[in-house]
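Trainee: Structure below; questions to follow.
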Amino acid sequence: MRLVAGGEPFDRMLDGAARRAFHLETSDDYLAEDETDSLRAFLADETIDPGGPWFDPWAAQVRRMTGRGVSVQRARIVSEPHTGYTRYLLALARHNVEAGEDVRYLPRQDAEPADAGSEDFWLLDDRAVSFSVFDDRGIWIGGVITEEPVIVGNAAAIRDRIWAAAIPYQRYRDCYST
């Protein structure tokens with residue numbers, strides 16, 4: 001296993017995907033320095049659009065990847081009722097989708113307990129998995145990547161179970177909004 005720092009090194013790792021990049025998120029709350037202002041504004045007024053220029057680098061990354069034929073997928077296991085941060089991500093997800101991501105949600109109570117307790121990870125082409133690393137404040141700082149077949153195979157099995165059960169973003173959003 002080796003550490004891949006967030007930012008440009010992590011983006012280069014994602015650029016290595018040739019067919020599929022899958023991201024699993026299992027926490028109801030995250031801290032990310034680039035989201036701080038957007039999150040604060042959204043929590044003060046949940047009718048605003050939390051997107052903006054701060055999101056442009058990620059949208060460009062996704063467009064680059066999908067433009068060369070890579071499927072970019074994100075599954076979020078979420079508790080209901082939602083935390084403020086989950087509501088924020090739900091409002092922000094339209095920007096992920098517009099950039100080309102396939103985003104899905106799985107209510108925590110519908111997930112296999114072991115899957116719901118999994119670490120966040122990126123699975124790239126079923127050949128490498130990068131587990132998220134957070135600093136002592138809880139801010140994402142990168143990932144630890146491995147190509148060890150048993151670990152990659154376990155991550156692929158988790159992905160397959162979650163992806164099959166997860167609800168596409170728009171349908172989940174429509175159900176949540178009513």
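Chains: A, B, ... in order of the structure tokens. Residues: from 1 per chain. Ligands: from 1, in order shown.
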Using only C-alpha atoms, what does the table of region 86-133 of chain A residues within 6 Å of region 70-78 of chain A look like, with each row giving the shortest atom pair and its distance in Å to one decimal, sorted by chain and ascending number, as a Markdown table?

Mentor:
| residue | atom | partner | partner_atom | distance |
| --- | --- | --- | --- | --- |
| A:Glu101 | CA | A:Val72 | CA | 5.0 |
| A:Asp102 | CA | A:Gln73 | CA | 4.8 |
| A:Val103 | CA | A:Arg74 | CA | 4.8 |
| A:Arg104 | CA | A:Ala75 | CA | 4.8 |
| A:Tyr105 | CA | A:Arg76 | CA | 4.9 |
| A:Leu106 | CA | A:Ile77 | CA | 4.8 |
| A:Pro107 | CA | A:Val78 | CA | 5.1 |
| A:Arg108 | CA | A:Val78 | CA | 5.2 |

Trainee: Excluding Pro81 (chain A) and its own-chain neighbours fewer than 2 positions away, which residues fall within 12 Å of it when counting only C-alpha atoms? Please give them as a list of chain:residue names.

Mentor: A:Asp28, A:Val78, A:Ser79, A:Thr83, A:Gly84, A:Tyr85, A:Thr86, A:Arg87, A:Pro107, A:Arg108, A:Gln109, A:Tyr176

Trainee: Applying 12 Å and only C-alpha atoms, which residues near Asp120 (chain A) remain after dropping the ones on its own chain fewer than 4 positions away? List them as a PyMOL selection string.

Mentor: chain A and resi 22-28+30+74-77+115-116+129-134+140+142-144+155+158-159

Trainee: Would you return as a PDB file with all heavy atoms, in the first residue's frame the members of region 63-160 of chain A that DSSP assigns to alpha helix (DSSP H) on this structure's backbone?

Mentor:
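Everything below was put into result.pdb:
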ATOM      1  N   ARG A  63     -15.375  15.350 -16.324  1.00  0.00           N
ATOM      2  CA  ARG A  63     -15.569  15.492 -17.776  1.00  0.00           C
ATOM      3  C   ARG A  63     -14.392  14.911 -18.556  1.00  0.00           C
ATOM      4  O   ARG A  63     -14.579  14.272 -19.595  1.00  0.00           O
ATOM      5  CB  ARG A  63     -15.813  16.951 -18.139  1.00  0.00           C
ATOM      6  CG  ARG A  63     -17.241  17.407 -17.829  1.00  0.00           C
ATOM      7  CD  ARG A  63     -17.575  18.743 -18.468  1.00  0.00           C
ATOM      8  NE  ARG A  63     -16.824  19.844 -17.886  1.00  0.00           N
ATOM      9  CZ  ARG A  63     -17.175  20.498 -16.788  1.00  0.00           C
ATOM     10  NH1 ARG A  63     -18.262  20.155 -16.136  1.00  0.00           N
ATOM     11  NH2 ARG A  63     -16.439  21.486 -16.341  1.00  0.00           N
ATOM     12  N   ARG A  64     -13.172  15.131 -18.058  1.00  0.00           N
ATOM     13  CA  ARG A  64     -11.993  14.529 -18.709  1.00  0.00           C
ATOM     14  C   ARG A  64     -12.110  13.013 -18.722  1.00  0.00           C
ATOM     15  O   ARG A  64     -11.849  12.368 -19.738  1.00  0.00           O
ATOM     16  CB  ARG A  64     -10.702  14.919 -17.974  1.00  0.00           C
ATOM     17  CG  ARG A  64     -10.030  16.158 -18.447  1.00  0.00           C
ATOM     18  CD  ARG A  64      -8.605  16.319 -17.926  1.00  0.00           C
ATOM     19  NE  ARG A  64      -8.371  15.967 -16.538  1.00  0.00           N
ATOM     20  CZ  ARG A  64      -8.581  16.775 -15.495  1.00  0.00           C
ATOM     21  NH1 ARG A  64      -9.046  17.995 -15.689  1.00  0.00           N
ATOM     22  NH2 ARG A  64      -8.312  16.371 -14.265  1.00  0.00           N
ATOM     23  N   MET A  65     -12.472  12.461 -17.588  1.00  0.00           N
ATOM     24  CA  MET A  65     -12.548  11.005 -17.474  1.00  0.00           C
ATOM     25  C   MET A  65     -13.668  10.440 -18.351  1.00  0.00           C
ATOM     26  O   MET A  65     -13.443   9.502 -19.117  1.00  0.00           O
ATOM     27  CB  MET A  65     -12.740  10.601 -16.008  1.00  0.00           C
ATOM     28  CG  MET A  65     -11.532  10.922 -15.144  1.00  0.00           C
ATOM     29  SD  MET A  65     -11.816  10.692 -13.370  1.00  0.00           S
ATOM     30  CE  MET A  65     -11.897   8.895 -13.288  1.00  0.00           C
ATOM     31  N   THR A  66     -14.854  11.006 -18.248  1.00  0.00           N
ATOM     32  CA  THR A  66     -15.976  10.480 -19.034  1.00  0.00           C
ATOM     33  C   THR A  66     -15.762  10.750 -20.519  1.00  0.00           C
ATOM     34  O   THR A  66     -16.200   9.961 -21.355  1.00  0.00           O
ATOM     35  CB  THR A  66     -17.326  11.059 -18.559  1.00  0.00           C
ATOM     36  OG1 THR A  66     -17.295  12.491 -18.647  1.00  0.00           O
ATOM     37  CG2 THR A  66     -17.628  10.631 -17.129  1.00  0.00           C
ATOM     38  N   GLY A  67     -15.060  11.825 -20.839  1.00  0.00           N
ATOM     39  CA  GLY A  67     -14.769  12.145 -22.236  1.00  0.00           C
ATOM     40  C   GLY A  67     -13.897  11.103 -22.918  1.00  0.00           C
ATOM     41  O   GLY A  67     -13.924  10.962 -24.139  1.00  0.00           O
ATOM     42  N   GLY A  84     -27.413  17.583   8.069  1.00  0.00           N
ATOM     43  CA  GLY A  84     -27.260  18.784   7.251  1.00  0.00           C
ATOM     44  C   GLY A  84     -26.275  18.558   6.124  1.00  0.00           C
ATOM     45  O   GLY A  84     -26.488  19.017   4.996  1.00  0.00           O
ATOM     46  N   TYR A  85     -25.193  17.833   6.402  1.00  0.00           N
ATOM     47  CA  TYR A  85     -24.196  17.588   5.362  1.00  0.00           C
ATOM     48  C   TYR A  85     -24.759  16.692   4.257  1.00  0.00           C
ATOM     49  O   TYR A  85     -24.483  16.917   3.082  1.00  0.00           O
ATOM     50  CB  TYR A  85     -22.919  16.983   5.952  1.00  0.00           C
ATOM     51  CG  TYR A  85     -21.802  16.942   4.939  1.00  0.00           C
ATOM     52  CD1 TYR A  85     -21.046  18.078   4.678  1.00  0.00           C
ATOM     53  CD2 TYR A  85     -21.540  15.793   4.202  1.00  0.00           C
ATOM     54  CE1 TYR A  85     -20.035  18.065   3.723  1.00  0.00           C
ATOM     55  CE2 TYR A  85     -20.533  15.769   3.251  1.00  0.00           C
ATOM     56  CZ  TYR A  85     -19.787  16.904   3.019  1.00  0.00           C
ATOM     57  OH  TYR A  85     -18.801  16.886   2.071  1.00  0.00           O
ATOM     58  N   THR A  86     -25.550  15.700   4.618  1.00  0.00           N
ATOM     59  CA  THR A  86     -26.161  14.842   3.597  1.00  0.00           C
ATOM     60  C   THR A  86     -27.122  15.652   2.738  1.00  0.00           C
ATOM     61  O   THR A  86     -27.155  15.482   1.511  1.00  0.00           O
ATOM     62  CB  THR A  86     -26.881  13.641   4.236  1.00  0.00           C
ATOM     63  OG1 THR A  86     -25.916  12.854   4.942  1.00  0.00           O
ATOM     64  CG2 THR A  86     -27.552  12.778   3.198  1.00  0.00           C
ATOM     65  N   ARG A  87     -27.877  16.555   3.346  1.00  0.00           N
ATOM     66  CA  ARG A  87     -28.765  17.418   2.558  1.00  0.00           C
ATOM     67  C   ARG A  87     -27.955  18.291   1.616  1.00  0.00           C
ATOM     68  O   ARG A  87     -28.336  18.528   0.463  1.00  0.00           O
ATOM     69  CB  ARG A  87     -29.645  18.272   3.478  1.00  0.00           C
ATOM     70  CG  ARG A  87     -30.679  17.454   4.232  1.00  0.00           C
ATOM     71  CD  ARG A  87     -31.725  18.312   4.944  1.00  0.00           C
ATOM     72  NE  ARG A  87     -31.174  19.325   5.826  1.00  0.00           N
ATOM     73  CZ  ARG A  87     -30.816  19.119   7.091  1.00  0.00           C
ATOM     74  NH1 ARG A  87     -30.940  17.924   7.638  1.00  0.00           N
ATOM     75  NH2 ARG A  87     -30.342  20.116   7.829  1.00  0.00           N
ATOM     76  N   TYR A  88     -26.817  18.770   2.097  1.00  0.00           N
ATOM     77  CA  TYR A  88     -25.911  19.568   1.273  1.00  0.00           C
ATOM     78  C   TYR A  88     -25.428  18.760   0.071  1.00  0.00           C
ATOM     79  O   TYR A  88     -25.493  19.225  -1.072  1.00  0.00           O
ATOM     80  CB  TYR A  88     -24.746  20.026   2.149  1.00  0.00           C
ATOM     81  CG  TYR A  88     -23.567  20.625   1.433  1.00  0.00           C
ATOM     82  CD1 TYR A  88     -23.627  21.908   0.899  1.00  0.00           C
ATOM     83  CD2 TYR A  88     -22.368  19.917   1.320  1.00  0.00           C
ATOM     84  CE1 TYR A  88     -22.532  22.467   0.266  1.00  0.00           C
ATOM     85  CE2 TYR A  88     -21.270  20.476   0.700  1.00  0.00           C
ATOM     86  CZ  TYR A  88     -21.355  21.742   0.166  1.00  0.00           C
ATOM     87  OH  TYR A  88     -20.273  22.297  -0.457  1.00  0.00           O
ATOM     88  N   LEU A  89     -24.950  17.536   0.310  1.00  0.00           N
ATOM     89  CA  LEU A  89     -24.475  16.706  -0.805  1.00  0.00           C
ATOM     90  C   LEU A  89     -25.607  16.358  -1.769  1.00  0.00           C
ATOM     91  O   LEU A  89     -25.389  16.277  -2.976  1.00  0.00           O
ATOM     92  CB  LEU A  89     -23.836  15.426  -0.286  1.00  0.00           C
ATOM     93  CG  LEU A  89     -22.473  15.566   0.374  1.00  0.00           C
ATOM     94  CD1 LEU A  89     -21.950  14.193   0.774  1.00  0.00           C
ATOM     95  CD2 LEU A  89     -21.476  16.274  -0.533  1.00  0.00           C
ATOM     96  N   LEU A  90     -26.796  16.176  -1.248  1.00  0.00           N
ATOM     97  CA  LEU A  90     -27.939  15.885  -2.109  1.00  0.00           C
ATOM     98  C   LEU A  90     -28.239  17.084  -3.017  1.00  0.00           C
ATOM     99  O   LEU A  90     -28.521  16.920  -4.204  1.00  0.00           O
ATOM    100  CB  LEU A  90     -29.152  15.521  -1.255  1.00  0.00           C
ATOM    101  CG  LEU A  90     -30.343  14.892  -1.943  1.00  0.00           C
ATOM    102  CD1 LEU A  90     -29.959  13.628  -2.699  1.00  0.00           C
ATOM    103  CD2 LEU A  90     -31.424  14.569  -0.924  1.00  0.00           C
ATOM    104  N   ALA A  91     -28.131  18.292  -2.482  1.00  0.00           N
ATOM    105  CA  ALA A  91     -28.331  19.496  -3.293  1.00  0.00           C
ATOM    106  C   ALA A  91     -27.183  19.686  -4.284  1.00  0.00           C
ATOM    107  O   ALA A  91     -27.395  20.165  -5.411  1.00  0.00           O
ATOM    108  CB  ALA A  91     -28.466  20.722  -2.388  1.00  0.00           C
ATOM    109  N   LEU A  92     -25.992  19.298  -3.902  1.00  0.00           N
ATOM    110  CA  LEU A  92     -24.810  19.466  -4.750  1.00  0.00           C
ATOM    111  C   LEU A  92     -24.721  18.403  -5.845  1.00  0.00           C
ATOM    112  O   LEU A  92     -24.115  18.627  -6.893  1.00  0.00           O
ATOM    113  CB  LEU A  92     -23.555  19.419  -3.874  1.00  0.00           C
ATOM    114  CG  LEU A  92     -22.218  19.686  -4.524  1.00  0.00           C
ATOM    115  CD1 LEU A  92     -22.167  21.097  -5.108  1.00  0.00           C
ATOM    116  CD2 LEU A  92     -21.106  19.484  -3.509  1.00  0.00           C
ATOM    117  N   ALA A  93     -25.341  17.248  -5.628  1.00  0.00           N
ATOM    118  CA  ALA A  93     -25.179  16.103  -6.536  1.00  0.00           C
ATOM    119  C   ALA A  93     -25.597  16.401  -7.971  1.00  0.00           C
ATOM    120  O   ALA A  93     -25.073  15.789  -8.899  1.00  0.00           O
ATOM    121  CB  ALA A  93     -25.946  14.894  -6.009  1.00  0.00           C
ATOM    122  N   ARG A  94     -26.489  17.342  -8.170  1.00  0.00           N
ATOM    123  CA  ARG A  94     -26.868  17.656  -9.558  1.00  0.00           C
ATOM    124  C   ARG A  94     -25.658  18.133 -10.359  1.00  0.00           C
ATOM    125  O   ARG A  94     -25.550  17.876 -11.555  1.00  0.00           O
ATOM    126  CB  ARG A  94     -28.013  18.654  -9.626  1.00  0.00           C
ATOM    127  CG  ARG A  94     -27.675  20.076  -9.330  1.00  0.00           C
ATOM    128  CD  ARG A  94     -28.912  20.979  -9.527  1.00  0.00           C
ATOM    129  NE  ARG A  94     -28.588  22.353  -9.315  1.00  0.00           N
ATOM    130  CZ  ARG A  94     -28.107  23.167 -10.249  1.00  0.00           C
ATOM    131  NH1 ARG A  94     -27.901  22.734 -11.469  1.00  0.00           N
ATOM    132  NH2 ARG A  94     -27.839  24.432  -9.961  1.00  0.00           N
ATOM    133  N   HIS A  95     -24.721  18.793  -9.690  1.00  0.00           N
ATOM    134  CA  HIS A  95     -23.500  19.235 -10.370  1.00  0.00           C
ATOM    135  C   HIS A  95     -22.602  18.036 -10.706  1.00  0.00           C
ATOM    136  O   HIS A  95     -21.965  18.029 -11.764  1.00  0.00           O
ATOM    137  CB  HIS A  95     -22.749  20.267  -9.515  1.00  0.00           C
ATOM    138  CG  HIS A  95     -23.539  21.520  -9.315  1.00  0.00           C
ATOM    139  ND1 HIS A  95     -23.697  22.471 -10.299  1.00  0.00           N
ATOM    140  CD2 HIS A  95     -24.247  21.972  -8.240  1.00  0.00           C
ATOM    141  CE1 HIS A  95     -24.446  23.459  -9.848  1.00  0.00           C
ATOM    142  NE2 HIS A  95     -24.796  23.173  -8.598  1.00  0.00           N
ATOM    143  N   ASN A  96     -22.549  17.051  -9.811  1.00  0.00           N
ATOM    144  CA  ASN A  96     -21.812  15.817 -10.113  1.00  0.00           C
ATOM    145  C   ASN A  96     -22.407  15.154 -11.349  1.00  0.00           C
ATOM    146  O   ASN A  96     -21.681  14.731 -12.252  1.00  0.00           O
ATOM    147  CB  ASN A  96     -21.879  14.826  -8.937  1.00  0.00           C
ATOM    148  CG  ASN A  96     -21.226  15.324  -7.683  1.00  0.00           C
ATOM    149  OD1 ASN A  96     -21.805  16.135  -6.969  1.00  0.00           O
ATOM    150  ND2 ASN A  96     -20.039  14.837  -7.391  1.00  0.00           N
ATOM    151  N   VAL A  97     -23.733  15.062 -11.381  1.00  0.00           N
ATOM    152  CA  VAL A  97     -24.433  14.407 -12.497  1.00  0.00           C
ATOM    153  C   VAL A  97     -24.229  15.190 -13.787  1.00  0.00           C
ATOM    154  O   VAL A  97     -23.951  14.610 -14.844  1.00  0.00           O
ATOM    155  CB  VAL A  97     -25.926  14.221 -12.158  1.00  0.00           C
ATOM    156  CG1 VAL A  97     -26.717  13.749 -13.364  1.00  0.00           C
ATOM    157  CG2 VAL A  97     -26.083  13.241 -10.991  1.00  0.00           C
ATOM    158  N   GLU A  98     -24.344  16.517 -13.721  1.00  0.00           N
ATOM    159  CA  GLU A  98     -24.135  17.342 -14.914  1.00  0.00           C
ATOM    160  C   GLU A  98     -22.727  17.172 -15.474  1.00  0.00           C
ATOM    161  O   GLU A  98     -22.519  17.242 -16.683  1.00  0.00           O
ATOM    162  CB  GLU A  98     -24.410  18.813 -14.604  1.00  0.00           C
ATOM    163  CG  GLU A  98     -25.886  19.123 -14.422  1.00  0.00           C
ATOM    164  CD  GLU A  98     -26.147  20.518 -13.871  1.00  0.00           C
ATOM    165  OE1 GLU A  98     -25.176  21.284 -13.640  1.00  0.00           O
ATOM    166  OE2 GLU A  98     -27.335  20.833 -13.641  1.00  0.00           O
ATOM    167  N   ALA A  99     -21.753  16.927 -14.597  1.00  0.00           N
ATOM    168  CA  ALA A  99     -20.371  16.728 -15.042  1.00  0.00           C
ATOM    169  C   ALA A  99     -20.183  15.352 -15.681  1.00  0.00           C
ATOM    170  O   ALA A  99     -19.211  15.139 -16.404  1.00  0.00           O
ATOM    171  CB  ALA A  99     -19.410  16.904 -13.877  1.00  0.00           C
ATOM    172  N   PRO A 113     -25.175  -4.539   6.782  1.00  0.00           N
ATOM    173  CA  PRO A 113     -24.466  -3.842   7.866  1.00  0.00           C
ATOM    174  C   PRO A 113     -22.953  -3.745   7.647  1.00  0.00           C
ATOM    175  O   PRO A 113     -22.367  -2.689   7.905  1.00  0.00           O
ATOM    176  CB  PRO A 113     -24.807  -4.673   9.104  1.00  0.00           C
ATOM    177  CG  PRO A 113     -26.140  -5.280   8.778  1.00  0.00           C
ATOM    178  CD  PRO A 113     -26.084  -5.574   7.295  1.00  0.00           C
ATOM    179  N   ALA A 114     -22.333  -4.797   7.169  1.00  0.00           N
ATOM    180  CA  ALA A 114     -20.879  -4.743   6.944  1.00  0.00           C
ATOM    181  C   ALA A 114     -20.535  -3.752   5.839  1.00  0.00           C
ATOM    182  O   ALA A 114     -19.524  -3.052   5.919  1.00  0.00           O
ATOM    183  CB  ALA A 114     -20.339  -6.126   6.600  1.00  0.00           C
ATOM    184  N   ASP A 115     -21.379  -3.669   4.807  1.00  0.00           N
ATOM    185  CA  ASP A 115     -21.132  -2.714   3.722  1.00  0.00           C
ATOM    186  C   ASP A 115     -21.297  -1.287   4.222  1.00  0.00           C
ATOM    187  O   ASP A 115     -20.508  -0.407   3.879  1.00  0.00           O
ATOM    188  CB  ASP A 115     -22.068  -2.971   2.543  1.00  0.00           C
ATOM    189  CG  ASP A 115     -21.801  -4.288   1.846  1.00  0.00           C
ATOM    190  OD1 ASP A 115     -20.744  -4.910   2.096  1.00  0.00           O
ATOM    191  OD2 ASP A 115     -22.664  -4.708   1.045  1.00  0.00           O
ATOM    192  N   ALA A 116     -22.328  -1.054   5.031  1.00  0.00           N
ATOM    193  CA  ALA A 116     -22.569   0.289   5.567  1.00  0.00           C
ATOM    194  C   ALA A 116     -21.425   0.744   6.462  1.00  0.00           C
ATOM    195  O   ALA A 116     -21.170   1.937   6.588  1.00  0.00           O
ATOM    196  CB  ALA A 116     -23.888   0.329   6.322  1.00  0.00           C
ATOM    197  N   PRO A 149      -4.890  -8.420  -4.884  1.00  0.00           N
ATOM    198  CA  PRO A 149      -6.107  -8.996  -5.464  1.00  0.00           C
ATOM    199  C   PRO A 149      -7.229  -9.316  -4.475  1.00  0.00           C
ATOM    200  O   PRO A 149      -8.403  -9.108  -4.794  1.00  0.00           O
ATOM    201  CB  PRO A 149      -5.609 -10.265  -6.156  1.00  0.00           C
ATOM    202  CG  PRO A 149      -4.170 -10.027  -6.423  1.00  0.00           C
ATOM    203  CD  PRO A 149      -3.691  -9.161  -5.288  1.00  0.00           C
ATOM    204  N   VAL A 150      -6.910  -9.786  -3.288  1.00  0.00           N
ATOM    205  CA  VAL A 150      -7.960 -10.118  -2.330  1.00  0.00           C
ATOM    206  C   VAL A 150      -8.663  -8.846  -1.847  1.00  0.00           C
ATOM    207  O   VAL A 150      -9.892  -8.801  -1.748  1.00  0.00           O
ATOM    208  CB  VAL A 150      -7.391 -10.931  -1.142  1.00  0.00           C
ATOM    209  CG1 VAL A 150      -8.438 -11.119  -0.053  1.00  0.00           C
ATOM    210  CG2 VAL A 150      -6.876 -12.288  -1.627  1.00  0.00           C
ATOM    211  N   ILE A 151      -7.902  -7.805  -1.571  1.00  0.00           N
ATOM    212  CA  ILE A 151      -8.490  -6.540  -1.116  1.00  0.00           C
ATOM    213  C   ILE A 151      -9.301  -5.902  -2.232  1.00  0.00           C
ATOM    214  O   ILE A 151     -10.418  -5.433  -2.017  1.00  0.00           O
ATOM    215  CB  ILE A 151      -7.393  -5.591  -0.593  1.00  0.00           C
ATOM    216  CG1 ILE A 151      -6.714  -6.219   0.636  1.00  0.00           C
ATOM    217  CG2 ILE A 151      -7.974  -4.224  -0.246  1.00  0.00           C
ATOM    218  CD1 ILE A 151      -5.491  -5.465   1.123  1.00  0.00           C
ATOM    219  N   VAL A 152      -8.770  -5.892  -3.443  1.00  0.00           N
ATOM    220  CA  VAL A 152      -9.497  -5.339  -4.597  1.00  0.00           C
ATOM    221  C   VAL A 152     -10.775  -6.143  -4.839  1.00  0.00           C
ATOM    222  O   VAL A 152     -11.845  -5.571  -5.081  1.00  0.00           O
ATOM    223  CB  VAL A 152      -8.592  -5.314  -5.850  1.00  0.00           C
ATOM    224  CG1 VAL A 152      -9.393  -4.951  -7.087  1.00  0.00           C
ATOM    225  CG2 VAL A 152      -7.438  -4.336  -5.650  1.00  0.00           C
ATOM    226  N   GLY A 153     -10.686  -7.466  -4.759  1.00  0.00           N
ATOM    227  CA  GLY A 153     -11.862  -8.308  -4.957  1.00  0.00           C
ATOM    228  C   GLY A 153     -12.935  -8.055  -3.912  1.00  0.00           C
ATOM    229  O   GLY A 153     -14.136  -8.037  -4.229  1.00  0.00           O
ATOM    230  N   ASN A 154     -12.527  -7.833  -2.658  1.00  0.00           N
ATOM    231  CA  ASN A 154     -13.488  -7.522  -1.611  1.00  0.00           C
ATOM    232  C   ASN A 154     -14.177  -6.186  -1.897  1.00  0.00           C
ATOM    233  O   ASN A 154     -15.393  -6.057  -1.751  1.00  0.00           O
ATOM    234  CB  ASN A 154     -12.792  -7.500  -0.247  1.00  0.00           C
ATOM    235  CG  ASN A 154     -13.765  -7.270   0.877  1.00  0.00           C
ATOM    236  OD1 ASN A 154     -14.744  -7.990   1.018  1.00  0.00           O
ATOM    237  ND2 ASN A 154     -13.499  -6.262   1.685  1.00  0.00           N
ATOM    238  N   ALA A 155     -13.402  -5.189  -2.314  1.00  0.00           N
ATOM    239  CA  ALA A 155     -13.981  -3.883  -2.642  1.00  0.00           C
ATOM    240  C   ALA A 155     -14.947  -3.998  -3.820  1.00  0.00           C
ATOM    241  O   ALA A 155     -16.014  -3.376  -3.827  1.00  0.00           O
ATOM    242  CB  ALA A 155     -12.874  -2.871  -2.943  1.00  0.00           C
ATOM    243  N   ALA A 156     -14.607  -4.818  -4.812  1.00  0.00           N
ATOM    244  CA  ALA A 156     -15.496  -5.012  -5.971  1.00  0.00           C
ATOM    245  C   ALA A 156     -16.802  -5.680  -5.543  1.00  0.00           C
ATOM    246  O   ALA A 156     -17.881  -5.319  -6.030  1.00  0.00           O
ATOM    247  CB  ALA A 156     -14.791  -5.833  -7.045  1.00  0.00           C
ATOM    248  N   ALA A 157     -16.733  -6.627  -4.629  1.00  0.00           N
ATOM    249  CA  ALA A 157     -17.951  -7.292  -4.148  1.00  0.00           C
ATOM    250  C   ALA A 157     -18.837  -6.308  -3.388  1.00  0.00           C
ATOM    251  O   ALA A 157     -20.071  -6.301  -3.559  1.00  0.00           O
ATOM    252  CB  ALA A 157     -17.579  -8.485  -3.274  1.00  0.00           C
ATOM    253  N   ILE A 158     -18.223  -5.460  -2.557  1.00  0.00           N
ATOM    254  CA  ILE A 158     -18.988  -4.428  -1.848  1.00  0.00           C
ATOM    255  C   ILE A 158     -19.643  -3.495  -2.860  1.00  0.00           C
ATOM    256  O   ILE A 158     -20.832  -3.182  -2.762  1.00  0.00           O
ATOM    257  CB  ILE A 158     -18.075  -3.654  -0.873  1.00  0.00           C
ATOM    258  CG1 ILE A 158     -17.629  -4.562   0.274  1.00  0.00           C
ATOM    259  CG2 ILE A 158     -18.770  -2.392  -0.351  1.00  0.00           C
ATOM    260  CD1 ILE A 158     -16.516  -3.979   1.128  1.00  0.00           C
ATOM    261  N   ARG A 159     -18.859  -3.035  -3.825  1.00  0.00           N
ATOM    262  CA  ARG A 159     -19.400  -2.152  -4.868  1.00  0.00           C
ATOM    263  C   ARG A 159     -20.597  -2.788  -5.554  1.00  0.00           C
ATOM    264  O   ARG A 159     -21.641  -2.159  -5.727  1.00  0.00           O
ATOM    265  CB  ARG A 159     -18.327  -1.827  -5.902  1.00  0.00           C
ATOM    266  CG  ARG A 159     -18.850  -0.926  -7.016  1.00  0.00           C
ATOM    267  CD  ARG A 159     -18.303  -1.181  -8.399  1.00  0.00           C
ATOM    268  NE  ARG A 159     -18.194  -2.560  -8.766  1.00  0.00           N
ATOM    269  CZ  ARG A 159     -17.164  -3.077  -9.442  1.00  0.00           C
ATOM    270  NH1 ARG A 159     -16.151  -2.312  -9.792  1.00  0.00           N
ATOM    271  NH2 ARG A 159     -17.151  -4.346  -9.764  1.00  0.00           N
ATOM    272  N   ASP A 160     -20.461  -4.038  -5.957  1.00  0.00           N
ATOM    273  CA  ASP A 160     -21.531  -4.699  -6.694  1.00  0.00           C
ATOM    274  C   ASP A 160     -22.814  -4.804  -5.872  1.00  0.00           C
ATOM    275  O   ASP A 160     -23.910  -4.564  -6.390  1.00  0.00           O
ATOM    276  CB  ASP A 160     -21.084  -6.079  -7.164  1.00  0.00           C
ATOM    277  CG  ASP A 160     -20.005  -6.009  -8.243  1.00  0.00           C
ATOM    278  OD1 ASP A 160     -19.789  -4.915  -8.816  1.00  0.00           O
ATOM    279  OD2 ASP A 160     -19.377  -7.053  -8.497  1.00  0.00           O
TER     280      ASP A 160
END

Trainee: In Å to one decimal, how far is CA of Pro50 (chain A) from CA of Ser38 (chain A)?

Mentor: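 Computing the Euclidean distance for CA of Ser38 (chain A) and CA of Pro50 (chain A) yields 5.5 Å.
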
Trainee: Which parts of region 1-129 of chain A does DSSP call strand (DSSP E) when run on the backbone here, written out as a PDB file with C-alpha atoms, in the first residue's frame?

Mentor:
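Below is the file that was written, result.pdb:
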ATOM      1  CA  ARG A   2       1.143   3.510  -0.697  1.00  0.00           C
ATOM      2  CA  LEU A   3      -0.199   6.928   0.216  1.00  0.00           C
ATOM      3  CA  VAL A   4      -1.468   9.156  -2.583  1.00  0.00           C
ATOM      4  CA  ALA A   5      -1.878  12.737  -1.394  1.00  0.00           C
ATOM      5  CA  ARG A  20     -14.574   2.552 -14.473  1.00  0.00           C
ATOM      6  CA  ALA A  21     -13.948   4.630 -11.359  1.00  0.00           C
ATOM      7  CA  PHE A  22     -16.288   3.887  -8.473  1.00  0.00           C
ATOM      8  CA  HIS A  23     -16.419   5.903  -5.246  1.00  0.00           C
ATOM      9  CA  LEU A  24     -18.110   4.662  -2.077  1.00  0.00           C
ATOM     10  CA  GLU A  25     -19.043   7.153   0.649  1.00  0.00           C
ATOM     11  CA  SER A  71     -17.663   5.491 -16.220  1.00  0.00           C
ATOM     12  CA  VAL A  72     -17.494   7.585 -13.039  1.00  0.00           C
ATOM     13  CA  GLN A  73     -19.802   6.256 -10.347  1.00  0.00           C
ATOM     14  CA  ARG A  74     -20.509   7.384  -6.778  1.00  0.00           C
ATOM     15  CA  ALA A  75     -22.615   5.574  -4.191  1.00  0.00           C
ATOM     16  CA  ARG A  76     -23.544   7.222  -0.921  1.00  0.00           C
ATOM     17  CA  ILE A  77     -24.842   5.205   2.005  1.00  0.00           C
ATOM     18  CA  VAL A  78     -26.903   7.690   4.024  1.00  0.00           C
ATOM     19  CA  ASP A 102     -23.657   8.459 -12.075  1.00  0.00           C
ATOM     20  CA  VAL A 103     -24.587   9.172  -8.446  1.00  0.00           C
ATOM     21  CA  ARG A 104     -26.733   6.831  -6.365  1.00  0.00           C
ATOM     22  CA  TYR A 105     -27.992   6.726  -2.798  1.00  0.00           C
ATOM     23  CA  LEU A 106     -28.634   3.794  -0.503  1.00  0.00           C
ATOM     24  CA  PRO A 107     -30.467   4.330   2.772  1.00  0.00           C
ATOM     25  CA  PHE A 121     -12.860   3.968  -1.187  1.00  0.00           C
ATOM     26  CA  TRP A 122     -12.252   4.503  -4.884  1.00  0.00           C
ATOM     27  CA  LEU A 123     -12.152   1.319  -6.984  1.00  0.00           C
ATOM     28  CA  LEU A 124     -10.380   1.759 -10.318  1.00  0.00           C
ATOM     29  CA  ALA A 128      -6.739  -1.024  -7.630  1.00  0.00           C
ATOM     30  CA  VAL A 129      -8.534   0.317  -4.582  1.00  0.00           C
TER      31      VAL A 129
END

Trainee: For CA of Glu33 (chain A) and CA of Ala166 (chain A), quote the distance in Å rounded to one decimal.

Mentor: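 Separating CA of Glu33 (chain A) from CA of Ala166 (chain A) is a distance of 28.0 Å.
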